[in-house]
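Take a look at the structure set out below.
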Amino acid sequence: KEGASKYIGATFNKQKNKWQAKLGIEGKNRHIGYYDNEEEAATDYARAVFKYKNQAALGKAREQDSFIIDLSDVPPQSPIPKSAGHIKEGASKYTGVSFSKHMNKWQAQITIDGKQRQIGSYENEEEAAVDYARAVFNYKNQAALGKAREDSFIIDLSDVPPQPPIPKSSGSIKEGASKYTGVSFNKSKNKWTAQIRIDGKRRYIGSYENEEEAAADYARAVFKYKGQGALDK
């Protein structure tokens, strides 16, 4: 979970601003110690398991829950951006990445066999995103990486000239709806949204204060991704 330790038996104590190690013995949670370092807390937890629960219990814990992400032999991979419409305020713009407020670092995590696995913590959002992509490549194969990139299709209008909005025919305009094709009003955001369908999938273009701006960008997206012929229809 966000802000939690990546190690079993270690938690962060906000009140003391330290890492804490605890062990359950005979149904009671026993305090092991407080630490400035997460790894030290985890090491002492493992030592306590070895002493009070024996080597077999330690081996079982490692086997069941201590899956380690190893990217040592994985080539660099470019980050997987989220589609703009799926980025919440303050969240990462990349798939597999989140920000831990109490650690003040970016975290990369991946789900493998139904369990969320920690990849690492990073000062830099892009570094976290690169390692997430490498983990997908290593543990889920190239096809999964390609699908993730396909699902995170980004509309890029940086090189597209201005286009006039495409008005709807007057008979097809519902009350409260936009008078332009490709535009709708998002009540929760209180903004106009532009979307376009490409290869059977609805792609987010952007959110706008102004209905006309949304319509102009929709027309530019049609021009770029479907051609002048589609714009003239």
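Letters A, B, ... mark the chains of the structure tokens in the order given; residue numbers begin at 1 per chain; ligand numbers begin at 1, in order shown.
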Selection near Trp106 of chain A, 9 Å with only C-alpha atoms, sequence-local residues under 6 positions removed, as an mmCIF file with C-alpha atoms, in the first residue's frame:
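So part14.cif came out as:
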data_model
loop_
_atom_site.group_PDB
_atom_site.id
_atom_site.type_symbol
_atom_site.label_atom_id
_atom_site.label_comp_id
_atom_site.auth_asym_id
_atom_site.auth_seq_id
_atom_site.Cartn_x
_atom_site.Cartn_y
_atom_site.Cartn_z
ATOM 1 C CA SER A 92 1.708 10.282 -11.912
ATOM 2 C CA VAL A 97 3.776 4.827 -10.722
ATOM 3 C CA SER A 98 2.450 6.613 -7.607
ATOM 4 C CA PHE A 99 3.790 9.198 -5.178
ATOM 5 C CA SER A 100 4.387 8.277 -1.530
ATOM 6 C CA GLY A 120 11.379 0.400 -6.022
ATOM 7 C CA SER A 121 11.284 3.972 -4.694
ATOM 8 C CA TYR A 122 12.698 6.855 -6.726
ATOM 9 C CA GLU A 123 13.480 10.563 -6.522
ATOM 10 C CA ASN A 124 12.408 10.905 -10.143
ATOM 11 C CA GLU A 125 8.997 10.072 -11.639
ATOM 12 C CA GLU A 127 12.968 6.649 -13.425
ATOM 13 C CA ALA A 128 10.093 4.911 -11.629
#
| message | Residues within 12 Å of segment 138-148 of chain A, please, as a ChimeraX atom specification. Count only C-alpha atoms; anything in the same chain fewer than 5 positions from it doesn't count. | response | /A:68-83,94-96,110-113,117,119,130-133,153
| message | Write out as a PyMOL selection string the set of residues from segment 5-147 of chain A that DSSP, computed on the backbone, places in strand (DSSP E). | response | chain A and resi 10-13+18-25+28-35+97-100+105-112+115-122
| field | Gap from atom CA of Tyr208 of chain A to atom CA of Ala129 of chain A - Å, one decimal | value | 27.7 Å
| atom CA of Gly33 of chain A and atom CA of Lys18 of chain A, how far apart in Å? | 9.8 Å
| task | Mind the document's chain letters and residue numbers, and return as JSON, numbers by chain the residues of segment 86-209 of chain A that DSSP labels helix (DSSP H, G or I). | result | {"A": [86, 125, 126, 127, 128, 129, 130, 131, 132, 133, 134, 135, 136, 137, 138, 139, 140, 141, 142, 143, 144, 145, 146, 147, 148, 149, 150, 151, 170, 171, 172]}
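Here the question is which of A:Leu157, A:Ala177, A:Asn186, A:Ile205 gets nearest to Arg220 of chain A using only C-alpha atoms, and that residue is A:Leu157.
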| task | May I have the residues within 12 Å of Glu40 of chain A as a VMD selection string, using only C-alpha atoms and disregarding those fewer than 2 positions away in the same chain? | result | chain A and resid 5 7 9 to 11 18 to 21 32 to 38 42 to 47
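When atom CA of Ile173 of chain A is paired with atom CA of Glu212 of chain A, their separation reads 15.4 Å.
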Do a neighbour search on Asp217 of chain A at 8 Å with only C-alpha atoms, toss out local chain neighbours closer than 4 positions, and write the hits as an mmCIF file with all heavy atoms, in the first residue's frame.
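Full text of selection-v7.cif as output:
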data_model
loop_
_atom_site.group_PDB
_atom_site.id
_atom_site.type_symbol
_atom_site.label_atom_id
_atom_site.label_comp_id
_atom_site.auth_asym_id
_atom_site.auth_seq_id
_atom_site.Cartn_x
_atom_site.Cartn_y
_atom_site.Cartn_z
ATOM 1 N N LEU A 157 -1.405 16.784 -30.818
ATOM 2 C CA LEU A 157 -1.832 17.754 -31.837
ATOM 3 C C LEU A 157 -0.800 18.869 -32.037
ATOM 4 O O LEU A 157 -1.108 19.903 -32.631
ATOM 5 C CB LEU A 157 -3.179 18.370 -31.428
ATOM 6 C CG LEU A 157 -4.335 17.378 -31.208
ATOM 7 C CD1 LEU A 157 -5.584 18.126 -30.770
ATOM 8 C CD2 LEU A 157 -4.603 16.577 -32.477
ATOM 9 N N PRO A 162 -4.612 24.803 -37.214
ATOM 10 C CA PRO A 162 -5.978 25.075 -36.739
ATOM 11 C C PRO A 162 -7.025 24.554 -37.722
ATOM 12 O O PRO A 162 -6.824 24.594 -38.943
ATOM 13 C CB PRO A 162 -6.015 26.601 -36.639
ATOM 14 C CG PRO A 162 -4.585 27.012 -36.508
ATOM 15 C CD PRO A 162 -3.802 26.039 -37.317
ATOM 16 N N GLN A 163 -8.146 24.075 -37.182
ATOM 17 C CA GLN A 163 -9.259 23.590 -37.995
ATOM 18 C C GLN A 163 -10.548 24.164 -37.431
ATOM 19 O O GLN A 163 -10.694 24.285 -36.215
ATOM 20 C CB GLN A 163 -9.334 22.061 -37.973
ATOM 21 C CG GLN A 163 -8.099 21.338 -38.470
ATOM 22 C CD GLN A 163 -7.856 21.536 -39.947
ATOM 23 O OE1 GLN A 163 -8.803 21.674 -40.718
ATOM 24 N NE2 GLN A 163 -6.586 21.561 -40.331
ATOM 25 N N PRO A 165 -14.362 24.221 -36.101
ATOM 26 C CA PRO A 165 -15.212 23.215 -35.448
ATOM 27 C C PRO A 165 -16.189 22.577 -36.427
ATOM 28 O O PRO A 165 -16.528 23.164 -37.464
ATOM 29 C CB PRO A 165 -15.951 24.023 -34.377
ATOM 30 C CG PRO A 165 -15.063 25.185 -34.108
ATOM 31 C CD PRO A 165 -14.443 25.525 -35.420
ATOM 32 N N ALA A 194 -13.306 16.904 -25.190
ATOM 33 C CA ALA A 194 -13.237 16.475 -26.594
ATOM 34 C C ALA A 194 -12.721 15.038 -26.636
ATOM 35 O O ALA A 194 -11.726 14.709 -25.981
ATOM 36 C CB ALA A 194 -12.323 17.394 -27.385
ATOM 37 N N ILE A 205 -9.083 13.601 -25.873
ATOM 38 C CA ILE A 205 -8.259 14.667 -26.459
ATOM 39 C C ILE A 205 -7.892 15.702 -25.402
ATOM 40 O O ILE A 205 -6.732 16.071 -25.240
ATOM 41 C CB ILE A 205 -8.997 15.350 -27.636
ATOM 42 C CG1 ILE A 205 -9.328 14.309 -28.718
ATOM 43 C CG2 ILE A 205 -8.165 16.485 -28.212
ATOM 44 C CD1 ILE A 205 -10.251 14.823 -29.806
ATOM 45 N N GLU A 213 -13.121 25.818 -28.167
ATOM 46 C CA GLU A 213 -11.748 25.293 -28.137
ATOM 47 C C GLU A 213 -11.756 23.765 -28.199
ATOM 48 O O GLU A 213 -10.927 23.158 -28.890
ATOM 49 C CB GLU A 213 -11.035 25.749 -26.867
ATOM 50 C CG GLU A 213 -10.674 27.234 -26.843
ATOM 51 C CD GLU A 213 -10.019 27.633 -25.523
ATOM 52 O OE1 GLU A 213 -9.754 26.734 -24.698
ATOM 53 O OE2 GLU A 213 -9.793 28.828 -25.323
ATOM 54 N N ALA A 221 -7.891 16.758 -34.400
ATOM 55 C CA ALA A 221 -7.631 15.331 -34.213
ATOM 56 C C ALA A 221 -8.172 14.519 -35.388
ATOM 57 O O ALA A 221 -7.523 13.571 -35.854
ATOM 58 C CB ALA A 221 -8.264 14.854 -32.903
#
